[in-house]
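Structure file query26.cif; described as mmCIF, C-alpha atoms and all ligand atoms.
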```cif
data_protein
#
loop_
_atom_site.group_PDB
_atom_site.id
_atom_site.type_symbol
_atom_site.label_atom_id
_atom_site.label_comp_id
_atom_site.auth_asym_id
_atom_site.auth_seq_id
_atom_site.Cartn_x
_atom_site.Cartn_y
_atom_site.Cartn_z
ATOM 1 C CA MET A 1 30.687 -1.222 -3.619
ATOM 2 C CA VAL A 2 29.460 -4.438 -5.241
ATOM 3 C CA SER A 3 25.917 -5.427 -4.273
ATOM 4 C CA ASN A 4 25.167 -8.879 -2.909
ATOM 5 C CA TYR A 5 22.911 -10.494 -5.498
ATOM 6 C CA ASP A 6 22.646 -13.794 -3.547
ATOM 7 C CA ASN A 7 19.640 -12.482 -1.639
ATOM 8 C CA PHE A 8 17.809 -11.552 -4.843
ATOM 9 C CA LEU A 9 16.088 -13.359 -7.693
ATOM 10 C CA PRO A 10 15.777 -11.971 -11.225
ATOM 11 C CA VAL A 11 12.042 -11.715 -11.969
ATOM 12 C CA GLU A 12 10.332 -10.984 -15.274
ATOM 13 C CA ILE A 13 7.537 -8.421 -15.484
ATOM 14 C CA VAL A 14 4.542 -10.342 -16.875
ATOM 15 C CA SER A 15 2.023 -7.503 -16.876
ATOM 16 C CA ARG A 16 1.827 -3.774 -16.278
ATOM 17 C CA ARG A 17 -1.102 -1.357 -15.805
ATOM 18 C CA ASP A 18 -0.544 2.405 -16.080
ATOM 19 C CA LEU A 19 -3.126 4.488 -14.191
ATOM 20 C CA ALA A 20 -1.567 7.925 -14.587
ATOM 21 C CA PRO A 21 1.790 9.249 -15.856
ATOM 22 C CA ASP A 22 3.256 8.654 -12.372
ATOM 23 C CA LEU A 23 1.320 5.617 -11.119
ATOM 24 C CA TRP A 24 1.482 2.029 -12.291
ATOM 25 C CA THR A 25 1.203 -1.567 -11.153
ATOM 26 C CA ILE A 26 3.189 -4.600 -12.261
ATOM 27 C CA ARG A 27 2.984 -8.334 -11.742
ATOM 28 C CA VAL A 28 6.057 -10.581 -11.747
ATOM 29 C CA HIS A 29 6.274 -14.358 -11.860
ATOM 30 C CA PRO A 30 9.149 -15.528 -9.645
ATOM 31 C CA SER A 31 10.892 -18.791 -10.502
ATOM 32 C CA GLU A 32 10.664 -19.787 -6.839
ATOM 33 C CA PRO A 33 7.788 -18.856 -4.535
ATOM 34 C CA LEU A 34 8.141 -15.784 -2.317
ATOM 35 C CA ARG A 35 6.935 -16.641 1.180
ATOM 36 C CA PHE A 36 5.244 -13.740 2.893
ATOM 37 C CA LYS A 37 2.395 -12.698 5.131
ATOM 38 C CA PRO A 38 -0.201 -10.234 3.802
ATOM 39 C CA GLY A 39 1.060 -6.758 4.683
ATOM 40 C CA GLN A 40 4.769 -7.504 4.252
ATOM 41 C CA TYR A 41 7.103 -6.006 1.655
ATOM 42 C CA ALA A 42 9.714 -7.306 -0.775
ATOM 43 C CA THR A 43 12.835 -5.404 -1.722
ATOM 44 C CA LEU A 44 13.039 -4.615 -5.438
ATOM 45 C CA GLY A 45 16.164 -3.624 -7.276
ATOM 46 C CA VAL A 46 17.410 -2.457 -10.647
ATOM 47 C CA ARG A 47 20.964 -3.065 -11.695
ATOM 48 C CA GLU A 48 23.221 -0.131 -12.427
ATOM 49 C CA GLY A 49 26.700 -1.360 -13.402
ATOM 50 C CA VAL A 50 27.660 -3.772 -10.613
ATOM 51 C CA GLU A 51 25.376 -2.007 -8.131
ATOM 52 C CA LEU A 52 21.811 -2.889 -7.287
ATOM 53 C CA ILE A 53 19.655 0.121 -6.450
ATOM 54 C CA GLU A 54 17.051 -1.280 -4.091
ATOM 55 C CA ARG A 55 14.020 -0.132 -2.061
ATOM 56 C CA PRO A 56 11.203 -1.857 -0.128
ATOM 57 C CA TYR A 57 7.762 -2.209 -1.766
ATOM 58 C CA SER A 58 4.616 -3.535 -0.100
ATOM 59 C CA ILE A 59 3.259 -6.626 -1.782
ATOM 60 C CA VAL A 60 -0.198 -6.111 -3.276
ATOM 61 C CA SER A 61 -0.974 -9.722 -4.132
ATOM 62 C CA SER A 62 -2.066 -12.432 -1.737
ATOM 63 C CA PRO A 63 0.355 -15.279 -0.867
ATOM 64 C CA LEU A 64 -2.305 -17.492 -2.481
ATOM 65 C CA GLU A 65 -1.559 -16.023 -5.944
ATOM 66 C CA ASP A 66 1.249 -17.373 -8.185
ATOM 67 C CA GLU A 67 2.283 -13.915 -9.350
ATOM 68 C CA VAL A 68 3.522 -11.108 -7.114
ATOM 69 C CA GLU A 69 2.028 -7.654 -7.631
ATOM 70 C CA PHE A 70 3.341 -4.165 -6.781
ATOM 71 C CA PHE A 71 1.940 -0.628 -7.048
ATOM 72 C CA PHE A 72 4.409 2.242 -7.645
ATOM 73 C CA GLU A 73 4.461 6.016 -7.571
ATOM 74 C CA LEU A 74 7.114 7.761 -9.670
ATOM 75 C CA VAL A 75 9.258 10.232 -7.703
ATOM 76 C CA PRO A 76 10.828 12.353 -10.484
ATOM 77 C CA GLY A 77 14.615 12.651 -10.435
ATOM 78 C CA SER A 78 14.982 10.124 -7.605
ATOM 79 C CA GLY A 79 17.054 6.970 -7.168
ATOM 80 C CA LEU A 80 14.928 3.983 -8.161
ATOM 81 C CA THR A 81 11.405 4.772 -9.341
ATOM 82 C CA PRO A 82 12.454 6.444 -12.637
ATOM 83 C CA LYS A 83 14.363 3.222 -13.451
ATOM 84 C CA LEU A 84 11.409 1.023 -12.456
ATOM 85 C CA HIS A 85 9.106 3.232 -14.519
ATOM 86 C CA ARG A 86 11.134 2.548 -17.691
ATOM 87 C CA LYS A 87 10.777 -1.237 -17.261
ATOM 88 C CA LYS A 88 8.395 -2.850 -19.745
ATOM 89 C CA VAL A 89 6.621 -6.211 -19.819
ATOM 90 C CA GLY A 90 9.217 -8.918 -20.559
ATOM 91 C CA GLU A 91 12.033 -7.009 -18.853
ATOM 92 C CA THR A 92 13.663 -8.110 -15.626
ATOM 93 C CA LEU A 93 14.162 -6.616 -12.208
ATOM 94 C CA TRP A 94 15.530 -8.073 -8.995
ATOM 95 C CA MET A 95 13.339 -9.148 -6.098
ATOM 96 C CA SER A 96 14.486 -10.203 -2.625
ATOM 97 C CA ARG A 97 14.160 -13.922 -1.928
ATOM 98 C CA GLU A 98 12.614 -13.071 1.444
ATOM 99 C CA ALA A 99 9.857 -10.686 2.454
ATOM 100 C CA GLY A 100 10.161 -8.381 5.444
ATOM 101 C CA GLY A 101 8.167 -6.211 7.815
ATOM 102 C CA LEU A 102 5.765 -6.577 10.701
ATOM 103 C CA PHE A 103 2.756 -4.774 9.214
ATOM 104 C CA ALA A 104 -0.009 -7.381 9.346
ATOM 105 C CA LEU A 105 -3.635 -7.968 10.266
ATOM 106 C CA ASP A 106 -4.159 -7.906 14.019
ATOM 107 C CA GLU A 107 -5.179 -11.474 14.827
ATOM 108 C CA GLU A 108 -3.845 -11.330 18.385
ATOM 109 C CA SER A 109 -5.797 -8.677 20.285
ATOM 110 C CA GLY A 110 -9.251 -10.221 19.862
ATOM 111 C CA ARG A 111 -10.550 -7.105 18.079
ATOM 112 C CA LYS A 112 -12.445 -8.289 15.012
ATOM 113 C CA ARG A 113 -13.003 -4.961 13.272
ATOM 114 C CA HIS A 114 -10.216 -3.417 11.208
ATOM 115 C CA PHE A 115 -10.171 0.092 9.815
ATOM 116 C CA PHE A 116 -7.548 0.748 7.114
ATOM 117 C CA ALA A 117 -6.587 4.227 5.943
ATOM 118 C CA ALA A 118 -4.236 4.656 2.983
ATOM 119 C CA THR A 119 -2.947 7.268 0.576
ATOM 120 C CA VAL A 120 -2.507 6.187 -3.079
ATOM 121 C CA THR A 121 0.162 3.396 -3.116
ATOM 122 C CA GLY A 122 -0.381 2.865 0.631
ATOM 123 C CA ILE A 123 -3.356 0.701 -0.337
ATOM 124 C CA ALA A 124 -0.903 -2.077 -1.368
ATOM 125 C CA PRO A 125 -0.631 -4.060 1.901
ATOM 126 C CA PHE A 126 -4.379 -3.775 2.505
ATOM 127 C CA ILE A 127 -5.149 -5.314 -0.888
ATOM 128 C CA SER A 128 -3.002 -8.291 0.065
ATOM 129 C CA MET A 129 -4.872 -8.700 3.370
ATOM 130 C CA VAL A 130 -8.320 -8.240 1.808
ATOM 131 C CA ARG A 131 -7.620 -10.616 -1.098
ATOM 132 C CA SER A 132 -6.282 -13.217 1.326
ATOM 133 C CA LEU A 133 -9.352 -13.103 3.580
ATOM 134 C CA ALA A 134 -11.625 -13.221 0.510
ATOM 135 C CA LEU A 135 -9.753 -16.149 -1.089
ATOM 136 C CA GLU A 136 -9.674 -18.066 2.204
ATOM 137 C CA GLY A 137 -13.421 -17.506 2.645
ATOM 138 C CA ARG A 138 -12.782 -16.038 6.116
ATOM 139 C CA ARG A 139 -15.779 -14.282 7.657
ATOM 140 C CA ASP A 140 -14.451 -13.854 11.222
ATOM 141 C CA HIS A 141 -13.204 -10.275 10.669
ATOM 142 C CA SER A 142 -14.866 -7.108 9.338
ATOM 143 C CA LEU A 143 -12.785 -4.671 7.288
ATOM 144 C CA TRP A 144 -13.223 -1.047 6.254
ATOM 145 C CA VAL A 145 -10.788 0.490 3.744
ATOM 146 C CA LEU A 146 -10.575 4.295 3.429
ATOM 147 C CA HIS A 147 -8.461 5.087 0.347
ATOM 148 C CA GLY A 148 -7.470 8.630 -0.544
ATOM 149 C CA ALA A 149 -5.986 10.096 -3.722
ATOM 150 C CA SER A 150 -6.035 13.412 -5.556
ATOM 151 C CA ARG A 151 -8.206 12.128 -8.426
ATOM 152 C CA SER A 152 -10.348 9.025 -8.935
ATOM 153 C CA TRP A 153 -8.140 7.378 -11.590
ATOM 154 C CA GLU A 154 -5.372 7.140 -8.983
ATOM 155 C CA LEU A 155 -7.548 4.783 -6.896
ATOM 156 C CA ALA A 156 -5.912 1.730 -8.443
ATOM 157 C CA TYR A 157 -8.099 -0.972 -6.897
ATOM 158 C CA CYS A 158 -11.429 0.881 -6.927
ATOM 159 C CA ASP A 159 -13.262 -1.589 -9.209
ATOM 160 C CA GLU A 160 -12.052 -4.655 -7.317
ATOM 161 C CA LEU A 161 -12.922 -3.178 -3.923
ATOM 162 C CA GLU A 162 -16.332 -1.837 -5.015
ATOM 163 C CA LYS A 163 -17.269 -5.293 -6.344
ATOM 164 C CA LEU A 164 -16.191 -6.867 -3.069
ATOM 165 C CA THR A 165 -18.224 -4.286 -1.099
ATOM 166 C CA SER A 166 -21.345 -5.018 -3.141
ATOM 167 C CA ARG A 167 -21.185 -8.770 -2.507
ATOM 168 C CA SER A 168 -19.725 -8.963 1.039
ATOM 169 C CA GLU A 169 -21.166 -8.243 4.438
ATOM 170 C CA TRP A 170 -17.704 -8.165 6.004
ATOM 171 C CA PHE A 171 -16.069 -5.580 3.737
ATOM 172 C CA ARG A 172 -16.631 -1.903 3.012
ATOM 173 C CA TYR A 173 -14.619 0.382 0.682
ATOM 174 C CA ILE A 174 -14.619 4.175 1.106
ATOM 175 C CA PRO A 175 -12.696 5.993 -1.660
ATOM 176 C CA THR A 176 -12.100 9.725 -1.268
ATOM 177 C CA ILE A 177 -10.500 12.318 -3.545
ATOM 178 C CA SER A 178 -8.987 15.662 -2.573
ATOM 179 C CA ARG A 179 -9.151 17.443 -5.967
ATOM 180 C CA PRO A 180 -12.777 17.108 -7.119
ATOM 181 C CA HIS A 181 -12.392 20.262 -9.262
ATOM 182 C CA GLU A 182 -10.037 18.194 -11.492
ATOM 183 C CA ASP A 183 -12.461 15.254 -11.616
ATOM 184 C CA SER A 184 -15.917 16.584 -12.508
ATOM 185 C CA THR A 185 -17.673 13.196 -12.770
ATOM 186 C CA TRP A 186 -16.709 12.062 -9.235
ATOM 187 C CA LYS A 187 -19.760 11.388 -7.041
ATOM 188 C CA GLY A 188 -18.072 9.889 -3.972
ATOM 189 C CA GLU A 189 -16.456 11.189 -0.785
ATOM 190 C CA VAL A 190 -14.395 14.377 -1.010
ATOM 191 C CA GLY A 191 -11.444 15.375 1.167
ATOM 192 C CA ARG A 192 -8.135 13.992 2.292
ATOM 193 C CA VAL A 193 -8.016 10.779 4.309
ATOM 194 C CA GLU A 194 -7.372 12.665 7.545
ATOM 195 C CA ASP A 195 -10.306 15.052 6.830
ATOM 196 C CA VAL A 196 -12.891 12.271 6.623
ATOM 197 C CA LEU A 197 -11.403 9.556 8.850
ATOM 198 C CA ARG A 198 -13.233 10.491 12.074
ATOM 199 C CA LYS A 199 -16.559 10.839 10.269
ATOM 200 C CA HIS A 200 -16.337 7.274 8.895
ATOM 201 C CA LEU A 201 -15.146 5.778 12.172
ATOM 202 C CA ASP A 202 -18.114 7.333 13.964
ATOM 203 C CA ALA A 203 -20.648 6.540 11.230
ATOM 204 C CA ASN A 204 -19.690 2.854 11.419
ATOM 205 C CA GLY A 205 -19.499 2.715 15.214
ATOM 206 C CA LEU A 206 -15.811 1.779 15.072
ATOM 207 C CA ASP A 207 -14.625 2.293 18.633
ATOM 208 C CA PRO A 208 -11.225 1.474 20.152
ATOM 209 C CA ALA A 209 -12.604 -1.446 22.167
ATOM 210 C CA THR A 210 -13.544 -3.433 19.051
ATOM 211 C CA THR A 211 -11.380 -1.922 16.300
ATOM 212 C CA THR A 212 -7.744 -1.928 15.232
ATOM 213 C CA ALA A 213 -6.743 0.999 12.998
ATOM 214 C CA TYR A 214 -4.061 0.809 10.298
ATOM 215 C CA LEU A 215 -2.360 3.717 8.524
ATOM 216 C CA CYS A 216 -0.172 3.369 5.438
ATOM 217 C CA GLY A 217 1.532 5.635 2.926
ATOM 218 C CA HIS A 218 2.102 9.389 3.154
ATOM 219 C CA PRO A 219 3.931 10.381 6.365
ATOM 220 C CA GLU A 220 1.816 13.492 6.975
ATOM 221 C CA MET A 221 -1.455 11.567 6.613
ATOM 222 C CA ILE A 222 -0.122 9.048 9.108
ATOM 223 C CA ALA A 223 0.985 11.652 11.657
ATOM 224 C CA THR A 224 -2.307 13.598 11.475
ATOM 225 C CA SER A 225 -4.520 10.499 11.427
ATOM 226 C CA ARG A 226 -2.664 9.052 14.374
ATOM 227 C CA ARG A 227 -3.406 12.156 16.437
ATOM 228 C CA ILE A 228 -7.083 11.941 15.429
ATOM 229 C CA LEU A 229 -7.223 8.280 16.444
ATOM 230 C CA GLU A 230 -5.495 8.997 19.757
ATOM 231 C CA ARG A 231 -7.982 11.774 20.514
ATOM 232 C CA GLY A 232 -10.714 9.212 19.783
ATOM 233 C CA GLY A 233 -9.317 6.890 22.452
ATOM 234 C CA PHE A 234 -7.217 4.528 20.294
ATOM 235 C CA ARG A 235 -4.149 3.445 22.248
ATOM 236 C CA ASN A 236 -0.771 2.509 20.755
ATOM 237 C CA ASP A 237 -1.571 -1.190 20.603
ATOM 238 C CA ALA A 238 -4.727 -0.473 18.548
ATOM 239 C CA ILE A 239 -2.873 1.527 15.863
ATOM 240 C CA ARG A 240 -0.543 -0.016 13.286
ATOM 241 C CA GLN A 241 1.333 2.026 10.726
ATOM 242 C CA GLU A 242 3.661 1.715 7.728
ATOM 243 C CA VAL A 243 5.379 4.989 6.771
ATOM 244 C CA TYR A 244 6.626 4.934 3.164
ATOM 245 C CA TRP A 245 9.150 7.741 3.323
ATOM 246 C CA VAL A 246 10.600 10.375 5.642
ATOM 247 C CA PRO A 247 9.776 13.968 4.669
ATOM 248 C CA ASP A 248 12.889 15.959 3.727
ATOM 249 C CA GLU A 249 12.564 18.523 6.539
ATOM 250 C CA GLU A 250 12.632 15.721 9.149
ATOM 251 C CA SER A 251 15.537 13.891 7.536
ATOM 252 C CA GLU A 252 17.787 16.954 7.460
HETATM 253 C C1 LIG B 301 7.853 -0.748 4.095
HETATM 254 C C2 LIG B 301 7.773 0.154 2.865
HETATM 255 C C3 LIG B 301 6.922 -0.179 1.833
HETATM 256 C C4 LIG B 301 6.844 0.661 0.716
HETATM 257 N N1 LIG B 301 5.966 0.327 -0.275
HETATM 258 C C5 LIG B 301 5.834 1.150 -1.354
HETATM 259 C C6 LIG B 301 4.884 0.841 -2.382
HETATM 260 O O1 LIG B 301 4.133 -0.136 -2.314
HETATM 261 N N2 LIG B 301 4.840 1.680 -3.461
HETATM 262 C C7 LIG B 301 5.643 2.781 -3.567
HETATM 263 O O2 LIG B 301 5.564 3.492 -4.588
HETATM 264 N N3 LIG B 301 6.546 3.095 -2.589
HETATM 265 C C8 LIG B 301 6.660 2.293 -1.513
HETATM 266 N N4 LIG B 301 7.588 2.588 -0.539
HETATM 267 C C9 LIG B 301 8.535 3.700 -0.792
HETATM 268 C C10 LIG B 301 9.734 3.146 -1.577
HETATM 269 O O3 LIG B 301 10.499 2.273 -0.786
HETATM 270 C C11 LIG B 301 10.666 4.274 -2.064
HETATM 271 O O4 LIG B 301 11.029 5.078 -0.980
HETATM 272 C C12 LIG B 301 10.009 5.147 -3.128
HETATM 273 O O5 LIG B 301 9.589 4.352 -4.236
HETATM 274 C C13 LIG B 301 10.974 6.237 -3.643
HETATM 275 O O6 LIG B 301 12.134 5.613 -4.101
HETATM 276 P P1 LIG B 301 13.135 6.406 -5.063
HETATM 277 O O7 LIG B 301 14.425 5.654 -5.073
HETATM 278 O O8 LIG B 301 12.497 6.681 -6.371
HETATM 279 O O9 LIG B 301 13.320 7.785 -4.298
HETATM 280 P P2 LIG B 301 14.517 8.149 -3.289
HETATM 281 O O10 LIG B 301 15.721 8.500 -4.087
HETATM 282 O O11 LIG B 301 14.641 7.045 -2.282
HETATM 283 O O12 LIG B 301 13.887 9.404 -2.555
HETATM 284 C C14 LIG B 301 13.917 10.704 -3.103
HETATM 285 C C15 LIG B 301 13.145 11.646 -2.205
HETATM 286 O O13 LIG B 301 11.735 11.456 -2.371
HETATM 287 C C16 LIG B 301 11.094 11.230 -1.115
HETATM 288 N N5 LIG B 301 9.996 10.272 -1.432
HETATM 289 C C17 LIG B 301 10.039 8.930 -1.455
HETATM 290 N N6 LIG B 301 8.855 8.416 -1.856
HETATM 291 C C18 LIG B 301 8.062 9.482 -2.099
HETATM 292 C C19 LIG B 301 6.733 9.625 -2.564
HETATM 293 N N7 LIG B 301 5.947 8.554 -2.865
HETATM 294 N N8 LIG B 301 6.226 10.860 -2.722
HETATM 295 C C20 LIG B 301 6.979 11.951 -2.441
HETATM 296 N N9 LIG B 301 8.243 11.891 -1.997
HETATM 297 C C21 LIG B 301 8.780 10.681 -1.833
HETATM 298 C C22 LIG B 301 12.183 10.689 -0.224
HETATM 299 O O14 LIG B 301 11.890 10.947 1.132
HETATM 300 C C23 LIG B 301 13.407 11.466 -0.705
HETATM 301 O O15 LIG B 301 13.429 12.749 -0.132
HETATM 302 C C24 LIG B 301 7.658 1.806 0.607
HETATM 303 C C25 LIG B 301 8.519 2.120 1.661
HETATM 304 C C26 LIG B 301 8.561 1.338 2.782
HETATM 305 C C27 LIG B 301 9.496 1.732 3.912
#
```

Do you think you could lay out the structure here as structure tokens?
Amino acid sequence: MVSNYDNFLPVEIVSRRDLAPDLWTIRVHPSEPLRFKPGQYATLGVREGVELIERPYSIVSSPLEDEVEFFFELVPGSGLTPKLHRKKVGETLWMSREAGGLFALDEESGRKRHFFAATVTGIAPFISMVRSLALEGRRDHSLWVLHGASRSWELAYCDELEKLTSRSEWFRYIPTISRPHEDSTWKGEVGRVEDVLRKHLDANGLDPATTTAYLCGHPEMIATSRRILERGGFRNDAIRQEVYWVPDEESE
């Protein structure tokens, strides 16, 4: 089957940051602007013969930036990420001309407090939302970001989000790691996202009447966190989620 390249643009990788052997970010500079809302994804592809192997990736950057940023996790032996991982600065991949998805900041319900929970690369759409609010100088919403990883160096946007926390009343970053025994200098929160979620909701007085909760990344974190939120009184319309993949046992 020949892929339809009309919906894609070739884009050059202009920078790359490797955080761990299986985690990295890139920035691309498209020749025509990608229109998107913070929280949406673009489809990225790598050419193999006449075929384009393509998958969706949340956009990290804000629509107000010229470059478009992505954050990847390598899935060994899989379809696309090993090919993306081999791509160096100056090389080209394919990016959809249009963004997709409905995952976005809740500006409709009237709730002004937003609690984000993400595993590793699941932070991507939240960075886009946070950067956009910061760049627009918006102060009408308050955001909390709970970001979980195994070890601290996997928390890709830790420095950026800690700086924003220290200078903003409206933003708070809560990083947590689940393998502190592999990260002896870590002084922050310990546990998986779902282990510490309720504690941070309660400590910040984030109740379902005033707060929208967002879950993104690992499917098991999302399923468990959703049950915790529901037990805390959050209804369907106060929970938004973006599941990155379907676990094998469910897809069989
Ligand atoms: C809306 C949306 C946004 C996404 N945004 C991102 C993003 O910002 N960054 C990112 O890295 N990925 C993101 N993903 C996941 C991405 O689309 C791919 O599924 C992922 O990169 C794996 O692709 P692959 O071709 O290498 O693996 P595949 O060949 O598609 O999958 C191989 C196997 O690995 C499983 N799998 C897929 N991803 C993972 C994972 N991370 N850990 C463990 N097992 C996995 C699959 O279920 C499958 O069983 C997003 C997915 C969706 C739906």

Neighbourhood of ligand LIG 301 (chain B) at 6 Å, counting only C-alpha atoms and all ligand atoms, reported as a VMD selection string | chain A and resid 41 55 to 58 71 to 73 75 78 to 81 121 124 243 to 248

Evaluate the PyMOL selection byres (((chain A and resi 10) around 6) and not hetatm) and report residues as a short mmCIF file (atom, residue, chain, number, x, y, z; two decimals) with C-alpha atoms, keeping the file's coordinate frame:
```cif
data_model
loop_
_atom_site.label_atom_id
_atom_site.label_comp_id
_atom_site.auth_asym_id
_atom_site.auth_seq_id
_atom_site.Cartn_x
_atom_site.Cartn_y
_atom_site.Cartn_z
CA LEU A 9 16.09 -13.36 -7.69
CA VAL A 11 12.04 -11.72 -11.97
CA LEU A 93 14.16 -6.62 -12.21
CA TRP A 94 15.53 -8.07 -8.99
#
```

Would you write out, as JSON lines, a table of all residues in stretch 17-40 of chain A that have an atom no more than 12 Å from an atom of stretch 140-162 of chain A, listing for each the closest atom pair and the distance in Å to one decimal, considering all atoms listed in the file and ordering rows by chain and rising residue number?
```
{"residue": "A:Arg17", "atom": "CA", "partner": "A:Ala156", "partner_atom": "CA", "distance": 9.3}
{"residue": "A:Asp18", "atom": "CA", "partner": "A:Ala156", "partner_atom": "CA", "distance": 9.4}
{"residue": "A:Leu19", "atom": "CA", "partner": "A:Glu154", "partner_atom": "CA", "distance": 6.3}
{"residue": "A:Ala20", "atom": "CA", "partner": "A:Glu154", "partner_atom": "CA", "distance": 6.8}
{"residue": "A:Pro21", "atom": "CA", "partner": "A:Glu154", "partner_atom": "CA", "distance": 10.1}
{"residue": "A:Asp22", "atom": "CA", "partner": "A:Glu154", "partner_atom": "CA", "distance": 9.4}
{"residue": "A:Leu23", "atom": "CA", "partner": "A:Glu154", "partner_atom": "CA", "distance": 7.2}
{"residue": "A:Trp24", "atom": "CA", "partner": "A:Ala156", "partner_atom": "CA", "distance": 8.3}
{"residue": "A:Thr25", "atom": "CA", "partner": "A:Ala156", "partner_atom": "CA", "distance": 8.3}
{"residue": "A:Ile26", "atom": "CA", "partner": "A:Ala156", "partner_atom": "CA", "distance": 11.7}
```

So how far away is atom CA of A:Cys216 from atom CA of A:Arg179, in Å?
->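 Taking atom CA of A:Arg179 and atom CA of A:Cys216, their separation equals 20.2 Å.
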
From the list A:Lys163, A:Arg47, A:Arg235, A:Lys112, which residue is nearest A:Pro208 when using all atoms listed in the file?
->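 Nearest candidate to A:Pro208 out of A:Lys163, A:Arg47, A:Arg235, A:Lys112: A:Arg235.
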
Rank nothing, just name the residue among A:Val193, A:Ile59, A:Leu201, A:Leu133 nearest to A:Ser168, using all atoms listed in the file.
->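 Among the listed residues, the smallest separation from A:Ser168 belongs to A:Leu133.
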
Do a neighbour search on A:Glu69 at 6 Å with all atoms listed in the file, toss out local chain neighbours closer than 3 positions, and write the hits as a list in words.
-> Ile26, Arg27, Val60 and Ser61 of chain A
